[in-house]
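S.K.: Data file final-v9.csv (CSV, C-alpha atoms and all ligand atoms) is appended below.
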chain,number,residue,atom,x,y,z
A,15,MET,CA,-1.3,27.5,38.8
A,16,ALA,CA,1.8,29.0,37.2
A,17,SER,CA,3.7,25.8,37.6
A,18,VAL,CA,0.9,23.8,36.0
A,19,SER,CA,0.8,26.0,32.9
A,20,THR,CA,4.6,25.8,32.7
A,21,LEU,CA,4.5,22.1,32.9
A,22,SER,CA,1.8,21.8,30.3
A,23,SER,CA,3.6,24.1,27.8
A,24,THR,CA,6.9,22.3,28.4
A,25,SER,CA,5.1,19.0,27.7
A,26,SER,CA,3.4,20.3,24.5
A,27,ILE,CA,6.8,21.5,23.3
A,28,ALA,CA,8.2,18.0,23.9
A,29,ASN,CA,5.1,16.6,22.2
A,30,ALA,CA,5.5,18.8,19.2
A,31,SER,CA,9.1,17.9,18.7
A,32,GLN,CA,8.4,14.2,19.2
A,33,ALA,CA,5.5,14.6,16.7
A,34,ARG,CA,8.0,15.7,14.0
A,35,ASP,CA,10.0,12.6,14.4
A,36,LEU,CA,8.3,9.8,12.7
A,37,ARG,CA,10.4,7.1,14.3
A,38,LYS,CA,9.2,8.2,17.7
A,39,LEU,CA,5.5,7.8,16.9
A,40,GLY,CA,3.3,4.9,17.7
A,41,ILE,CA,0.9,3.1,15.4
A,42,ASP,CA,-2.8,3.9,15.9
A,43,PRO,CA,-4.3,1.1,17.9
A,44,ASP,CA,-7.8,1.7,16.5
A,45,PHE,CA,-7.4,-0.8,13.7
A,46,TRP,CA,-7.5,-4.6,13.3
A,47,TYR,CA,-4.0,-6.1,13.6
A,48,PRO,CA,-3.0,-9.7,12.8
A,49,LEU,CA,-1.3,-10.9,16.0
A,50,ALA,CA,-0.8,-14.6,15.2
A,51,ARG,CA,-1.2,-17.2,12.5
A,52,SER,CA,-4.3,-19.4,13.0
A,53,ARG,CA,-2.3,-22.6,12.8
A,54,ALA,CA,-0.1,-21.4,15.8
A,55,LEU,CA,-3.1,-21.7,18.1
A,56,LYS,CA,-4.5,-25.2,18.5
A,57,ALA,CA,-7.9,-26.0,20.1
A,58,GLY,CA,-7.8,-26.0,23.9
A,59,ARG,CA,-4.6,-23.9,24.0
A,60,THR,CA,-3.5,-20.3,24.8
A,61,ARG,CA,-0.9,-18.1,23.2
A,62,GLN,CA,0.7,-14.9,24.4
A,63,VAL,CA,1.0,-12.2,21.7
A,64,LEU,CA,2.2,-8.6,21.8
A,65,PHE,CA,0.9,-5.4,20.5
A,66,ALA,CA,3.1,-2.3,21.2
A,67,GLY,CA,4.2,-3.7,24.5
A,68,ARG,CA,0.7,-4.8,25.5
A,69,LYS,CA,0.5,-8.5,26.4
A,70,ILE,CA,-2.6,-10.3,25.1
A,71,VAL,CA,-3.6,-13.9,25.5
A,72,LEU,CA,-5.3,-15.6,22.7
A,73,VAL,CA,-7.5,-18.5,23.6
A,74,ARG,CA,-8.9,-21.1,21.3
A,75,PRO,CA,-11.6,-23.0,23.2
A,76,GLU,CA,-12.3,-26.7,22.5
A,77,LYS,CA,-15.3,-25.5,20.5
A,78,GLY,CA,-16.1,-22.1,19.2
A,79,GLU,CA,-14.2,-19.0,18.2
A,80,VAL,CA,-10.9,-17.6,19.4
A,81,PHE,CA,-11.1,-14.9,22.1
A,82,ALA,CA,-8.5,-12.4,23.4
A,83,LEU,CA,-7.9,-11.1,26.9
A,84,GLU,CA,-5.3,-9.0,28.7
A,85,ASP,CA,-2.6,-11.5,29.6
A,86,ARG,CA,-2.7,-11.0,33.3
A,87,CYS,CA,-4.8,-12.5,36.0
A,88,ALA,CA,-6.8,-9.9,38.0
A,89,HIS,CA,-5.7,-11.6,41.2
A,90,ARG,CA,-1.9,-11.7,41.3
A,91,GLN,CA,-1.2,-10.3,37.8
A,92,VAL,CA,0.5,-13.5,36.5
A,93,PRO,CA,0.1,-14.3,32.8
A,94,LEU,CA,-3.2,-15.9,32.0
A,95,SER,CA,-1.4,-17.5,29.1
A,96,LEU,CA,0.0,-20.0,31.6
A,97,GLY,CA,-3.5,-21.1,32.4
A,98,VAL,CA,-5.7,-24.0,31.3
A,99,VAL,CA,-8.6,-24.0,28.8
A,100,ARG,CA,-11.7,-25.9,29.8
A,101,ALA,CA,-14.5,-25.9,27.4
A,102,ASP,CA,-15.0,-22.2,26.6
A,103,LYS,CA,-13.3,-20.8,29.8
A,104,LEU,CA,-9.8,-19.9,30.8
A,105,LEU,CA,-8.6,-21.1,34.2
A,106,CYS,CA,-5.7,-19.2,35.8
A,107,HIS,CA,-2.8,-21.5,36.5
A,108,TYR,CA,-2.3,-20.2,40.1
A,109,HIS,CA,-5.6,-20.2,42.1
A,110,CYS,CA,-7.9,-21.2,39.3
A,111,TRP,CA,-9.9,-17.9,39.0
A,112,THR,CA,-11.9,-18.7,35.9
A,113,TYR,CA,-12.6,-16.2,33.0
A,114,ASP,CA,-15.1,-16.3,30.2
A,115,ARG,CA,-14.6,-14.8,26.7
A,116,SER,CA,-15.8,-11.4,27.9
A,117,GLY,CA,-13.0,-11.3,30.5
A,118,ALA,CA,-15.4,-11.6,33.4
A,119,CYS,CA,-14.2,-13.6,36.3
A,120,VAL,CA,-17.1,-16.2,36.5
A,121,SER,CA,-15.7,-18.5,39.2
A,122,VAL,CA,-13.4,-18.5,42.2
A,123,PRO,CA,-13.4,-22.1,43.3
A,124,TYR,CA,-12.6,-21.4,47.0
A,125,LEU,CA,-15.4,-18.8,47.4
A,126,ASP,CA,-18.9,-19.8,48.0
A,127,GLY,CA,-21.4,-18.6,45.4
A,128,GLU,CA,-22.8,-15.9,47.7
A,129,GLN,CA,-19.7,-13.9,47.8
A,130,THR,CA,-19.2,-11.1,45.3
A,131,ARG,CA,-16.8,-12.1,42.6
A,132,PRO,CA,-13.9,-9.8,41.7
A,133,ASN,CA,-13.7,-7.8,38.5
A,134,GLY,CA,-12.1,-9.5,35.6
A,135,VAL,CA,-9.8,-8.3,32.8
A,136,ARG,CA,-10.3,-6.5,29.5
A,137,ALA,CA,-11.3,-8.4,26.5
A,138,PHE,CA,-10.4,-7.5,22.9
A,139,PRO,CA,-12.5,-8.0,19.7
A,140,VAL,CA,-11.1,-10.8,17.6
A,141,ARG,CA,-11.6,-11.9,14.0
A,142,GLU,CA,-10.0,-14.8,12.2
A,143,ALA,CA,-9.5,-14.5,8.5
A,144,TYR,CA,-6.9,-15.3,5.8
A,145,GLY,CA,-5.2,-17.8,8.2
A,146,LEU,CA,-4.5,-15.0,10.6
A,147,ILE,CA,-5.9,-14.0,14.0
A,148,PHE,CA,-6.8,-10.3,14.0
A,149,VAL,CA,-7.2,-8.4,17.3
A,150,TYR,CA,-8.6,-4.8,17.7
A,151,PRO,CA,-6.4,-3.4,20.5
A,152,GLY,CA,-7.9,0.1,20.5
A,153,ASP,CA,-11.0,1.8,21.7
A,154,VAL,CA,-14.0,-0.3,20.6
A,155,SER,CA,-16.3,2.7,20.7
A,156,ALA,CA,-14.1,4.7,18.3
A,157,ALA,CA,-15.2,5.5,14.8
A,158,GLY,CA,-13.8,3.1,12.2
A,159,PHE,CA,-14.2,0.0,14.5
A,160,GLN,CA,-15.9,-1.9,11.6
A,161,GLN,CA,-13.0,-1.4,9.2
A,162,PHE,CA,-11.5,-4.8,8.3
A,163,PRO,CA,-9.1,-5.5,5.5
A,164,GLU,CA,-10.9,-7.0,2.5
A,165,LEU,CA,-8.8,-9.4,0.5
A,166,PRO,CA,-11.0,-11.3,-2.0
A,167,ARG,CA,-8.0,-12.7,-3.9
A,168,PHE,CA,-7.0,-14.7,-0.8
A,169,SER,CA,-9.9,-17.2,-1.5
A,170,SER,CA,-9.8,-17.0,-5.3
A,171,THR,CA,-8.8,-20.2,-7.1
A,172,ALA,CA,-6.8,-18.1,-9.6
A,173,TYR,CA,-4.3,-17.3,-6.9
A,174,LYS,CA,-2.0,-19.1,-4.4
A,175,THR,CA,-1.1,-17.4,-1.2
A,176,ARG,CA,2.2,-17.4,0.7
A,177,THR,CA,2.0,-16.2,4.3
A,178,LEU,CA,5.0,-14.2,5.6
A,179,ASP,CA,5.5,-13.9,9.3
A,180,ARG,CA,8.8,-12.6,10.6
A,181,SER,CA,10.2,-10.5,13.4
A,182,ILE,CA,12.1,-7.5,12.2
A,183,ALA,CA,14.1,-5.1,14.4
A,184,CYS,CA,12.9,-1.8,13.2
A,185,HIS,CA,10.1,0.8,13.6
A,186,TRP,CA,7.1,0.0,11.3
A,187,SER,CA,7.6,3.2,9.4
A,188,PHE,CA,10.9,1.9,7.9
A,189,MET,CA,8.9,-1.0,6.4
A,190,HIS,CA,6.4,1.2,4.7
A,191,GLU,CA,9.2,3.4,3.2
A,192,ASN,CA,11.2,0.3,2.1
A,193,LEU,CA,8.4,-1.2,0.1
A,194,MET,CA,7.0,2.0,-1.4
A,195,ASP,CA,10.4,3.3,-2.5
A,196,MET,CA,11.2,1.1,-5.5
A,197,ASN,CA,14.3,3.2,-6.2
A,198,HIS,CA,16.2,0.7,-4.2
A,199,GLN,CA,16.4,-2.0,-6.9
A,200,PHE,CA,20.1,-1.5,-6.9
A,201,MET,CA,20.3,-3.2,-3.5
A,202,HIS,CA,18.6,-6.3,-5.0
A,203,ARG,CA,21.1,-6.5,-7.9
A,204,SER,CA,22.4,-9.9,-6.9
A,205,LEU,CA,18.9,-11.4,-7.3
A,206,MET,CA,17.1,-9.1,-9.7
A,207,GLY,CA,19.9,-8.0,-12.1
A,208,SER,CA,19.8,-4.5,-13.5
A,209,VAL,CA,16.3,-3.3,-13.1
A,210,ARG,CA,15.3,0.3,-13.0
A,211,ALA,CA,12.0,1.5,-11.6
A,212,THR,CA,10.4,4.6,-13.2
A,213,PRO,CA,7.8,6.3,-11.0
A,214,LEU,CA,4.7,7.3,-13.0
A,215,HIS,CA,2.2,8.9,-10.6
A,216,VAL,CA,1.8,9.7,-6.9
A,217,ARG,CA,-1.7,10.0,-5.6
A,218,SER,CA,-3.0,10.5,-2.0
A,219,GLY,CA,-6.2,10.8,0.0
A,220,ASP,CA,-7.1,11.3,3.6
A,221,ASP,CA,-5.8,8.0,4.8
A,222,TRP,CA,-3.7,6.7,1.9
A,223,VAL,CA,-0.8,7.4,-0.5
A,224,GLU,CA,-0.1,5.4,-3.6
A,225,VAL,CA,2.5,5.4,-6.3
A,226,ASP,CA,2.7,3.7,-9.7
A,227,TYR,CA,5.9,2.5,-11.3
A,228,THR,CA,7.0,0.8,-14.4
A,229,PHE,CA,10.2,-1.1,-14.8
A,230,HIS,CA,12.8,-1.8,-17.4
A,231,ARG,CA,15.8,-4.0,-17.5
A,232,SER,CA,19.0,-2.2,-18.6
A,233,ALA,CA,21.1,-5.3,-18.8
A,234,GLY,CA,21.0,-9.0,-18.4
A,235,LYS,CA,18.1,-11.5,-18.3
A,236,GLN,CA,15.1,-11.7,-16.1
A,237,PRO,CA,15.9,-14.1,-13.2
A,238,LEU,CA,14.1,-17.4,-13.1
A,239,GLY,CA,12.4,-16.8,-9.7
A,240,GLU,CA,10.9,-13.5,-11.0
A,241,ARG,CA,9.9,-15.1,-14.4
A,242,LEU,CA,8.1,-17.9,-12.6
A,243,MET,CA,6.3,-15.6,-10.2
A,244,ILE,CA,5.3,-13.1,-12.9
A,245,ASN,CA,3.1,-15.0,-15.2
A,246,ARG,CA,3.4,-12.9,-18.4
A,247,LYS,CA,0.9,-13.2,-21.2
A,248,GLN,CA,2.0,-10.3,-23.5
A,249,LYS,CA,5.2,-8.5,-24.1
A,250,PRO,CA,5.3,-4.9,-23.1
A,251,ASP,CA,4.9,-2.4,-25.9
A,252,ALA,CA,5.2,1.2,-24.7
A,253,ALA,CA,4.2,2.6,-28.2
A,254,ALA,CA,0.9,0.7,-27.9
A,255,GLY,CA,0.4,1.8,-24.3
A,256,ARG,CA,1.1,-1.7,-22.9
A,257,ILE,CA,3.5,-1.4,-20.0
A,258,ASP,CA,4.1,-3.4,-16.9
A,259,LYS,CA,2.7,-1.5,-13.9
A,260,MET,CA,3.2,-1.8,-10.2
A,261,THR,CA,1.1,0.1,-7.7
A,262,ILE,CA,2.1,0.4,-4.1
A,263,ARG,CA,-0.4,1.8,-1.7
A,264,THR,CA,-0.2,2.5,2.0
A,265,GLN,CA,-3.8,2.6,3.4
A,266,TYR,CA,-3.0,3.4,6.9
A,267,PRO,CA,-1.9,1.2,8.7
A,268,TYR,CA,-1.7,-1.5,5.9
A,269,GLN,CA,0.3,-1.7,2.8
A,270,ARG,CA,-0.4,-3.3,-0.6
A,271,LEU,CA,1.7,-4.0,-3.7
A,272,GLN,CA,0.1,-5.0,-6.9
A,273,PHE,CA,1.8,-5.8,-10.2
A,274,TRP,CA,0.2,-6.1,-13.6
A,275,THR,CA,2.0,-7.4,-16.6
A,276,ALA,CA,1.4,-5.4,-19.8
A,277,GLY,CA,-2.1,-5.7,-21.0
A,278,ALA,CA,-3.3,-7.9,-18.1
A,279,GLU,CA,-6.6,-7.3,-16.4
A,280,ASN,CA,-5.8,-8.9,-13.1
A,281,PRO,CA,-2.5,-8.5,-11.2
A,282,ALA,CA,0.1,-11.2,-11.4
A,283,LEU,CA,1.0,-10.4,-7.8
A,284,ASP,CA,-1.0,-9.0,-5.0
A,285,LEU,CA,0.9,-8.5,-1.7
A,286,TRP,CA,-0.8,-7.3,1.5
A,287,ASN,CA,1.4,-6.4,4.5
A,288,CYS,CA,0.9,-5.3,8.0
A,289,TYR,CA,3.7,-4.3,10.3
A,290,VAL,CA,2.7,-4.8,13.9
A,291,PRO,CA,4.8,-3.2,16.6
A,292,THR,CA,5.6,-5.6,19.4
A,293,ASP,CA,7.6,-3.6,22.0
A,294,ILE,CA,6.5,-0.4,23.8
A,295,ALA,CA,9.1,1.7,22.0
A,296,GLN,CA,7.9,0.2,18.7
A,297,ARG,CA,11.5,-0.5,17.5
A,298,ARG,CA,10.6,-4.0,16.5
A,299,ASN,CA,7.7,-5.3,14.4
A,300,GLN,CA,6.2,-8.5,13.4
A,301,THR,CA,5.6,-8.4,9.7
A,302,TYR,CA,2.7,-10.3,8.4
A,303,GLY,CA,2.3,-10.6,4.7
A,304,LEU,CA,-0.1,-12.4,2.3
A,305,MET,CA,1.6,-12.8,-1.0
A,306,MET,CA,-1.1,-13.8,-3.5
A,307,VAL,CA,0.5,-15.1,-6.8
A,308,GLY,CA,-1.6,-15.5,-9.9
A,309,LYS,CA,-1.6,-19.1,-11.1
A,310,PRO,CA,-0.2,-19.9,-14.6
A,311,GLY,CA,-2.8,-21.4,-17.0
A,312,MET,CA,-1.5,-25.0,-16.8
A,313,PRO,CA,-3.2,-26.8,-13.8
A,314,GLY,CA,-0.9,-27.8,-11.0
A,315,LEU,CA,2.1,-25.9,-12.4
A,316,ILE,CA,2.0,-23.4,-9.5
A,317,HIS,CA,2.8,-26.1,-7.0
A,318,LEU,CA,5.8,-27.2,-9.1
A,319,ILE,CA,7.3,-23.7,-9.3
A,320,TRP,CA,6.3,-22.7,-5.7
A,321,PRO,CA,9.7,-23.7,-4.2
A,322,PHE,CA,11.5,-21.4,-6.7
A,323,ILE,CA,9.1,-18.5,-5.9
A,324,THR,CA,9.7,-19.2,-2.1
A,325,TRP,CA,13.5,-19.2,-2.6
A,326,PHE,CA,13.4,-16.0,-4.7
A,327,THR,CA,11.1,-14.0,-2.4
A,328,ASN,CA,13.0,-15.2,0.8
A,329,GLY,CA,16.1,-13.8,-0.8
A,330,ILE,CA,14.5,-10.4,-1.5
A,331,PHE,CA,13.0,-10.2,2.0
A,332,ALA,CA,16.3,-11.1,3.6
A,333,GLN,CA,18.0,-8.2,1.8
A,334,ASP,CA,15.2,-5.8,2.8
A,335,GLN,CA,15.3,-7.0,6.4
A,336,GLU,CA,19.1,-6.4,6.6
A,337,ILE,CA,18.8,-2.8,5.3
A,338,VAL,CA,15.8,-1.7,7.4
A,339,GLU,CA,17.5,-3.0,10.5
A,340,ALA,CA,20.6,-1.1,9.6
A,341,GLU,CA,18.4,2.0,9.2
A,342,GLN,CA,17.0,1.5,12.7
A,343,ARG,CA,20.5,1.1,14.1
A,344,ALA,CA,21.6,4.4,12.5
A,345,PHE,CA,18.5,6.1,14.0
A,346,ASP,CA,19.4,4.7,17.5
A,347,GLU,CA,22.9,5.9,17.2
A,348,GLN,CA,21.9,9.4,16.1
A,349,GLY,CA,18.9,9.6,18.4
A,350,GLU,CA,16.8,11.4,15.8
A,351,ASP,CA,15.5,11.1,12.3
A,352,ARG,CA,18.2,12.8,10.1
A,353,ASN,CA,16.9,11.4,6.8
A,354,GLN,CA,17.1,13.7,3.8
A,355,GLU,CA,14.2,12.5,1.8
A,356,ILE,CA,13.6,13.9,-1.7
A,357,PHE,CA,11.3,11.4,-3.4
A,358,PRO,CA,7.8,12.8,-3.6
A,359,ALA,CA,6.0,9.5,-2.9
A,360,ILE,CA,8.0,9.0,0.3
A,361,LEU,CA,7.5,12.6,1.4
A,362,SER,CA,3.8,12.1,1.1
A,363,LEU,CA,4.0,8.7,2.8
A,364,ARG,CA,5.9,10.2,5.7
A,365,GLU,CA,3.4,13.0,6.1
A,366,LEU,CA,0.5,10.4,6.1
A,367,LEU,CA,2.2,8.2,8.7
A,368,ARG,CA,2.9,11.2,10.9
A,369,GLU,CA,-0.6,12.5,10.7
A,370,LYS,CA,-2.3,9.2,11.4
A,371,SER,CA,-0.1,8.1,14.3
A,372,VAL,CA,-0.1,8.6,18.1
A,373,LEU,CA,2.5,9.8,20.6
A,374,LEU,CA,4.7,7.1,22.1
A,375,GLY,CA,5.8,7.2,25.7
A,376,ALA,CA,2.6,7.0,27.7
A,377,ALA,CA,3.3,5.8,31.2
A,378,SER,CA,1.2,2.7,30.7
A,379,VAL,CA,0.1,0.6,27.7
A,380,ASP,CA,-3.4,1.1,29.1
A,381,ALA,CA,-3.3,4.9,28.7
A,382,ALA,CA,-5.5,6.3,25.9
A,383,PRO,CA,-3.4,7.2,22.9
A,384,ILE,CA,-2.7,10.9,22.2
A,385,ARG,CA,-3.4,11.6,18.5
A,386,LEU,CA,-1.2,14.1,16.8
A,387,ALA,CA,-4.3,15.8,15.3
A,388,ASP,CA,-5.3,16.7,18.9
A,389,LEU,CA,-2.1,18.5,19.7
A,390,PRO,CA,-1.7,22.2,19.3
A,391,ARG,CA,0.2,23.0,16.0
A,392,ALA,CA,3.9,23.8,16.7
B,401,LIG,S1,-3.1,-15.4,40.4
B,401,LIG,FE1,-4.6,-16.0,39.1
B,401,LIG,S2,-6.0,-17.0,40.4
B,401,LIG,FE2,-4.5,-16.3,41.7
B,402,FE,FE,13.3,-4.4,-1.4
Please express what this file holds, its structure, as structure tokens.
Ligand code: FES
Ligand SMILES: [Fe+2]

M.R.:
Amino acid sequence: MASVSTLSSTSSIANASQARDLRKLGIDPDFWYPLARSRALKAGRTRQVLFAGRKIVLVRPEKGEVFALEDRCAHRQVPLSLGVVRADKLLCHYHCWTYDRSGACVSVPYLDGEQTRPNGVRAFPVREAYGLIFVYPGDVSAAGFQQFPELPRFSSTAYKTRTLDRSIACHWSFMHENLMDMNHQFMHRSLMGSVRATPLHVRSGDDWVEVDYTFHRSAGKQPLGERLMINRKQKPDAAAGRIDKMTIRTQYPYQRLQFWTAGAENPALDLWNCYVPTDIAQRRNQTYGLMMVGKPGMPGLIHLIWPFITWFTNGIFAQDQEIVEAEQRAFDEQGEDRNQEIFPAILSLRELLREKSVLLGAASVDAAPIRLADLPRA
């Protein structure tokens, strides 16, 4: 018994020190995560996607809704994504074991119907919305299963949406910090000119943190891409209480940025992001973003200016990608998180991300996640 208690106390010390290091934590799987764009999965086809090292096959039947299964055949463990879609079933490429959308093996062609069929594979809940295929990789009986991101502006005729989808070589926490910390406008000086962000308020709740900013330009002119994207109706007038305002909110595990020009009721820009870890160590993420841009008053003008908006935002994202990947490399070289954070919004954000996340390093992707809240306090 002594060795058992030594082992468990050693592992809880290891857990506690891991729990302090945000970059060594895993994202909570008990949420809906976008794992592919709808257009990437044609009818009658399969597609392998990844969530934190777990391989999942998405299947779009000839008719009906997309379904998602573990991407392994229960027989010889080869990827089911190599298989063939017939009507609403998935046939393994090797010996044609046949699966339905619940993951049950419903036919083995070389067995007669009297013989017991083998067990199938796990199925995952799927929802398709906003041009994305969302999968719920966690425990379907867990509380919060119903939570799904609501984005009414996506279908509003007053907005046009750009979908972002890119692979970034860093832990998802760097992405949250990068977007929330607007004090890095200096890095975007080649595209944005001399803009300074002034933080106004930081607020937080059980599963969210948000910060408001306003901006001012200390020199130079507003770049064209930004001017086209931000459809301004009134000039800011601080004395009259009319200022531009940006709110950035992490509502675990999602993130949102909204920007209102002075005096406007609706945001000129509404960006929703989700950073989906793909590898088991969660040092790479697929970033999905829905950038909803308010249309200018003149009909059709948005389509004309869209290429400039695309060029401008691509430039900004490329600069952000370069720096967050550099942060990940620094972390890998140092082996631990040595950041000296001083900005209150990011301190709150880091605490939230730590509290809501799970321990990495389970022996198998199928193991139940260990929540930090369940560990003894160090
Ligand atoms: S490996 Fe899939 S049917 Fe044999
Ligand atoms: Fe940035």

S.K.: Report as a PDB file with C-alpha atoms, keeping the file's coordinate frame which protein, DNA and RNA residues come within 12 Å of ligand FE 402 (chain B), using all atoms listed in the file.

M.R.:
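Wrote part_39.pdb, looks like this:
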ATOM      1  CA  PHE A 188      10.900   1.900   7.900  1.00  0.00           C
ATOM      2  CA  MET A 189       8.900  -1.000   6.400  1.00  0.00           C
ATOM      3  CA  HIS A 190       6.400   1.200   4.700  1.00  0.00           C
ATOM      4  CA  GLU A 191       9.200   3.400   3.200  1.00  0.00           C
ATOM      5  CA  ASN A 192      11.200   0.300   2.100  1.00  0.00           C
ATOM      6  CA  LEU A 193       8.400  -1.200   0.100  1.00  0.00           C
ATOM      7  CA  MET A 194       7.000   2.000  -1.400  1.00  0.00           C
ATOM      8  CA  ASP A 195      10.400   3.300  -2.500  1.00  0.00           C
ATOM      9  CA  MET A 196      11.200   1.100  -5.500  1.00  0.00           C
ATOM     10  CA  ASN A 197      14.300   3.200  -6.200  1.00  0.00           C
ATOM     11  CA  HIS A 198      16.200   0.700  -4.200  1.00  0.00           C
ATOM     12  CA  GLN A 199      16.400  -2.000  -6.900  1.00  0.00           C
ATOM     13  CA  PHE A 200      20.100  -1.500  -6.900  1.00  0.00           C
ATOM     14  CA  MET A 201      20.300  -3.200  -3.500  1.00  0.00           C
ATOM     15  CA  HIS A 202      18.600  -6.300  -5.000  1.00  0.00           C
ATOM     16  CA  ARG A 203      21.100  -6.500  -7.900  1.00  0.00           C
ATOM     17  CA  SER A 204      22.400  -9.900  -6.900  1.00  0.00           C
ATOM     18  CA  LEU A 205      18.900 -11.400  -7.300  1.00  0.00           C
ATOM     19  CA  MET A 206      17.100  -9.100  -9.700  1.00  0.00           C
ATOM     20  CA  ALA A 211      12.000   1.500 -11.600  1.00  0.00           C
ATOM     21  CA  LEU A 271       1.700  -4.000  -3.700  1.00  0.00           C
ATOM     22  CA  THR A 327      11.100 -14.000  -2.400  1.00  0.00           C
ATOM     23  CA  ASN A 328      13.000 -15.200   0.800  1.00  0.00           C
ATOM     24  CA  GLY A 329      16.100 -13.800  -0.800  1.00  0.00           C
ATOM     25  CA  ILE A 330      14.500 -10.400  -1.500  1.00  0.00           C
ATOM     26  CA  PHE A 331      13.000 -10.200   2.000  1.00  0.00           C
ATOM     27  CA  ALA A 332      16.300 -11.100   3.600  1.00  0.00           C
ATOM     28  CA  GLN A 333      18.000  -8.200   1.800  1.00  0.00           C
ATOM     29  CA  ASP A 334      15.200  -5.800   2.800  1.00  0.00           C
ATOM     30  CA  GLN A 335      15.300  -7.000   6.400  1.00  0.00           C
ATOM     31  CA  GLU A 336      19.100  -6.400   6.600  1.00  0.00           C
ATOM     32  CA  ILE A 337      18.800  -2.800   5.300  1.00  0.00           C
ATOM     33  CA  VAL A 338      15.800  -1.700   7.400  1.00  0.00           C
TER      34      VAL A 338
END

S.K.: Within 7 Å of ligand LIG 401 (chain B), which residues of chain A come that close, and what is the closest atom pair and distance in Å for each? Count all atoms listed in the file and give it as a Markdown table.

M.R.:
| residue | atom | partner | partner_atom | distance |
| --- | --- | --- | --- | --- |
| A:Cys87 | CA | B:LIG401 | FE1 | 4.7 |
| A:Ala88 | CA | B:LIG401 | FE1 | 6.6 |
| A:His89 | CA | B:LIG401 | S1 | 4.7 |
| A:Arg90 | CA | B:LIG401 | S1 | 4.0 |
| A:Gln91 | CA | B:LIG401 | S1 | 6.0 |
| A:Val92 | CA | B:LIG401 | S1 | 5.6 |
| A:Cys106 | CA | B:LIG401 | FE1 | 4.7 |
| A:His107 | CA | B:LIG401 | FE1 | 6.3 |
| A:Tyr108 | CA | B:LIG401 | FE2 | 4.8 |
| A:His109 | CA | B:LIG401 | S2 | 3.6 |
| A:Cys110 | CA | B:LIG401 | S2 | 4.7 |
| A:Trp111 | CA | B:LIG401 | S2 | 4.2 |

S.K.: In Å to one decimal, how far is atom CA of Arg141 of chain A from atom CA of Leu105 of chain A?

M.R.: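 Distance between the two atoms: 22.4 Å.
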
S.K.: Calculated over all atoms listed in the file, which of the candidates A:Arg86, A:Val225, A:Val154, A:Leu146 has the smallest distance to Phe357 of chain A?

M.R.: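 Among the listed residues, the smallest separation from Phe357 of chain A belongs to A:Val225.
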
S.K.: Separation of atom CA of Pro75 of chain A and atom CA of Leu55 of chain A, in Å?

M.R.: 10.0 Å

S.K.: Between atom CA of Thr60 of chain A and atom CA of Ala382 of chain A, what distance in Å does the model show, to one decimal?

M.R.: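 Pair atom CA of Thr60 of chain A / atom CA of Ala382 of chain A returns 26.7 Å.
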
S.K.: Report as a VMD selection string all protein, DNA and RNA residues lying within 6 Å of Lys309 of chain A, evaluated on all atoms listed in the file, omitting residues in the same chain fewer than 3 positions from it.

M.R.: chain A and resid 172 to 173 316
